[in-house]
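Chemist: Handing you a structure now.
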Amino acid sequence: MERLNGDSLKAISDIVNRHKDEPGPVIVMLHDVQDTLGYIPFEAMEQIAKATGTSVAEVYGVVCFYAQFTTEPKGKHVINVCLGTACYVKGSQALIDEAIAETGAQINKTSPDGVFSLDATRCLGACGLAPVCVIDGRVIGSCTPKVLNAEIKKIKAAEAAMA
Ligand code: FES
């Protein structure tokens with residue numbers, strides 16, 4: 001497992017120290033770590049467990065229970081594909097397949113190069129636009145694999161131009 005850098009470890013211990021005497025410290029600490037680092041590394045779960053007298057397994061259980069916590073760093077660009085019923089029946093599985101093929105990221109994971117995260121989400125409340133993708137916060141309704149492919153290629157080209 002990759003080790004965290006010193007800054008991240010310090011951020012985690014500051015968070016743990018700040019909240020350890022508050023009620024419901026595990027959740028409060030997890031929120032703070034998620035907001036600060038963008039994900040919950042294993043080292044944070046270890047420190048939180050130690051400081052609150054619980055086990056890493058229990059902290060991990062909390063992390064898995066709440067959708068807002070993630071155990072992986074997010075990619076630079078986040079692609080959400082709605083897998084709610086309306087979107088699913090209109091073909092969002094094909095969008096997921098396209099996104100995996102084009103980015104190399106698996107569902108709810110980040111691509112090995114760290115550029116893309118692929119999130120499968122529940123109904124986004126825009127069923128009239130099904131199937132819906134959201135790329136970096138931009139909603140794309142009536143999305144097709146072709147449209148998604150073009151959007152991903154655009155991001156890749158912009159990234160390559162910056163490199
Ligand atoms: S099911 Fe996708 S927006 Fe509602």
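We label chains A, B, ... in the order they appear in the structure tokens, count residues from 1 in each chain, and number ligands from 1 in the order shown.
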Give the helix (DSSP H, G or I) residues of stretch 30-151 of chain A, as assigned by DSSP on the backbone, as a VMD selection string.
Modeler: chain A and resid 30 to 37 42 to 52 56 to 65 85 to 89 92 to 103 127 to 129 145 to 151
Chemist: Within 7 Å of ligand 1, counting only C-alpha atoms and all ligand atoms: which residues, as number ranges by chain?
Modeler: A: 82-88, 122-127, 129-132
Chemist: Tell me, as a PyMOL selection string, which residues lie within 12 Å of A:Lys20, counting only C-alpha atoms; anything in the same chain fewer than 6 positions away does not count.
Modeler: chain A and resi 12-14+26-30+47-53
Chemist: Could you go through stretch 70-116 of chain A and tell me which residues DSSP, when run on the backbone, assigns to strand (DSSP E), listing them as JSON, numbers by chain?
Modeler: {"A": [77, 78, 79, 80, 81, 82, 109, 110, 116]}
Chemist: Given the selection you just returned, output its residues as a file containing C-alpha atoms, formatted as an mmCIF file, in the first residue's frame.
Modeler:
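Output file out.cif is given in full below:
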data_model
loop_
_atom_site.group_PDB
_atom_site.id
_atom_site.type_symbol
_atom_site.label_atom_id
_atom_site.label_comp_id
_atom_site.auth_asym_id
_atom_site.auth_seq_id
_atom_site.Cartn_x
_atom_site.Cartn_y
_atom_site.Cartn_z
ATOM 1 C CA HIS A 77 -12.207 14.683 -13.620
ATOM 2 C CA VAL A 78 -15.283 12.985 -12.238
ATOM 3 C CA ILE A 79 -17.798 11.246 -14.470
ATOM 4 C CA ASN A 80 -21.115 10.323 -12.871
ATOM 5 C CA VAL A 81 -23.434 7.994 -14.708
ATOM 6 C CA CYS A 82 -26.943 7.687 -13.325
ATOM 7 C CA LYS A 109 -12.853 3.894 -8.865
ATOM 8 C CA THR A 110 -10.192 6.151 -10.293
ATOM 9 C CA PHE A 116 -10.733 10.114 -14.242
#
Chemist: Excluding same-chain residues fewer than 3 positions from stretch 158-160 of chain A, what lies within 12 Å of it counting only C-alpha atoms, as a PDB file with N, CA and C atoms, in the first residue's frame?
Modeler:
ATOM      1  N   LYS A  76      -8.858  13.709 -11.351  1.00  0.00           N
ATOM      2  CA  LYS A  76      -8.982  15.141 -11.657  1.00  0.00           C
ATOM      3  C   LYS A  76     -10.347  15.450 -12.236  1.00  0.00           C
ATOM      4  N   HIS A  77     -10.903  14.500 -12.979  1.00  0.00           N
ATOM      5  CA  HIS A  77     -12.207  14.683 -13.620  1.00  0.00           C
ATOM      6  C   HIS A  77     -13.141  13.564 -13.160  1.00  0.00           C
ATOM      7  N   ASP A 113      -4.108   6.344 -14.114  1.00  0.00           N
ATOM      8  CA  ASP A 113      -3.324   7.575 -14.296  1.00  0.00           C
ATOM      9  C   ASP A 113      -3.855   8.738 -13.445  1.00  0.00           C
ATOM     10  N   GLY A 114      -4.922   8.474 -12.666  1.00  0.00           N
ATOM     11  CA  GLY A 114      -5.446   9.504 -11.760  1.00  0.00           C
ATOM     12  C   GLY A 114      -6.250  10.597 -12.456  1.00  0.00           C
ATOM     13  N   VAL A 115      -6.515  10.468 -13.732  1.00  0.00           N
ATOM     14  CA  VAL A 115      -7.212  11.543 -14.453  1.00  0.00           C
ATOM     15  C   VAL A 115      -8.729  11.458 -14.278  1.00  0.00           C
ATOM     16  N   PHE A 116      -9.271  10.246 -14.284  1.00  0.00           N
ATOM     17  CA  PHE A 116     -10.733  10.114 -14.242  1.00  0.00           C
ATOM     18  C   PHE A 116     -11.204   9.274 -13.045  1.00  0.00           C
ATOM     19  N   GLU A 151     -16.841  13.537 -25.182  1.00  0.00           N
ATOM     20  CA  GLU A 151     -16.550  14.371 -24.005  1.00  0.00           C
ATOM     21  C   GLU A 151     -15.256  13.919 -23.332  1.00  0.00           C
ATOM     22  N   ILE A 152     -15.101  12.612 -23.202  1.00  0.00           N
ATOM     23  CA  ILE A 152     -13.894  12.079 -22.545  1.00  0.00           C
ATOM     24  C   ILE A 152     -12.660  12.400 -23.399  1.00  0.00           C
ATOM     25  N   LYS A 153     -12.806  12.258 -24.705  1.00  0.00           N
ATOM     26  CA  LYS A 153     -11.657  12.552 -25.590  1.00  0.00           C
ATOM     27  C   LYS A 153     -11.269  14.034 -25.484  1.00  0.00           C
ATOM     28  N   LYS A 154     -12.294  14.887 -25.345  1.00  0.00           N
ATOM     29  CA  LYS A 154     -12.020  16.329 -25.199  1.00  0.00           C
ATOM     30  C   LYS A 154     -11.172  16.581 -23.942  1.00  0.00           C
ATOM     31  N   ILE A 155     -11.561  15.933 -22.853  1.00  0.00           N
ATOM     32  CA  ILE A 155     -10.813  16.106 -21.593  1.00  0.00           C
ATOM     33  C   ILE A 155      -9.391  15.577 -21.766  1.00  0.00           C
ATOM     34  N   ALA A 163       0.170  18.955 -20.467  1.00  0.00           N
ATOM     35  CA  ALA A 163       1.324  18.169 -20.001  1.00  0.00           C
ATOM     36  C   ALA A 163       2.641  18.711 -20.566  1.00  0.00           C
TER      37      ALA A 163
END
Chemist: Using only C-alpha atoms, which of A:Val134, A:Gln106, A:Ser92, A:His31 sits nearest A:Tyr66?
Modeler: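 Among A:Val134, A:Gln106, A:Ser92, A:His31, it is A:His31 that comes nearest to A:Tyr66.
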Chemist: Set the distance at 6 Å and use only C-alpha atoms: which residues neighbour A:Pro145 once local chain neighbours fewer than 2 positions away are removed? I'd like the list as an NGL selection string.
Modeler: :A and (95 or 98 or 147-149)
Chemist: Go through A:Gly75, A:His19, A:Ile100, A:Ala11 and flag the residue nearest A:Ala44, using only C-alpha atoms for the distances.
Modeler: A:Ala11
Chemist: Which residue is closest to A:Ser117? Choose from A:Ile135, A:Leu37, A:Val59, A:Met162 and count only C-alpha atoms.
Modeler: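 Nearest candidate to A:Ser117 out of A:Ile135, A:Leu37, A:Val59, A:Met162: A:Ile135.
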Chemist: For A:Pro41, which of A:Ser8, A:Ser55, A:Gln93, A:Thr144 is the closest residue, counting only C-alpha atoms?
Modeler: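 For A:Pro41, the nearest of the candidates is A:Ser8.
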Chemist: From the options A:Glu22, A:Glu102, A:Glu43, A:Asp32, which residue's atoms come nearest to A:Lys156, counting only C-alpha atoms?
Modeler: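 Using only C-alpha atoms, A:Lys156 sits closest to A:Glu102.
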Chemist: Would you work out the distance separating atom CA of A:Gly128 from atom CA of A:Ile107, expressed in Å to one decimal?
Modeler: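 According to the coordinates, atom CA of A:Gly128 and atom CA of A:Ile107 are separated by 23.9 Å.
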Chemist: Find the residue from A:Cys133, A:Pro73, A:Ser111, A:Gly24 that sits nearest to A:Tyr39; use only C-alpha atoms when measuring.
Modeler: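 Of A:Cys133, A:Pro73, A:Ser111, A:Gly24, the one nearest A:Tyr39, counting only C-alpha atoms, is A:Pro73.
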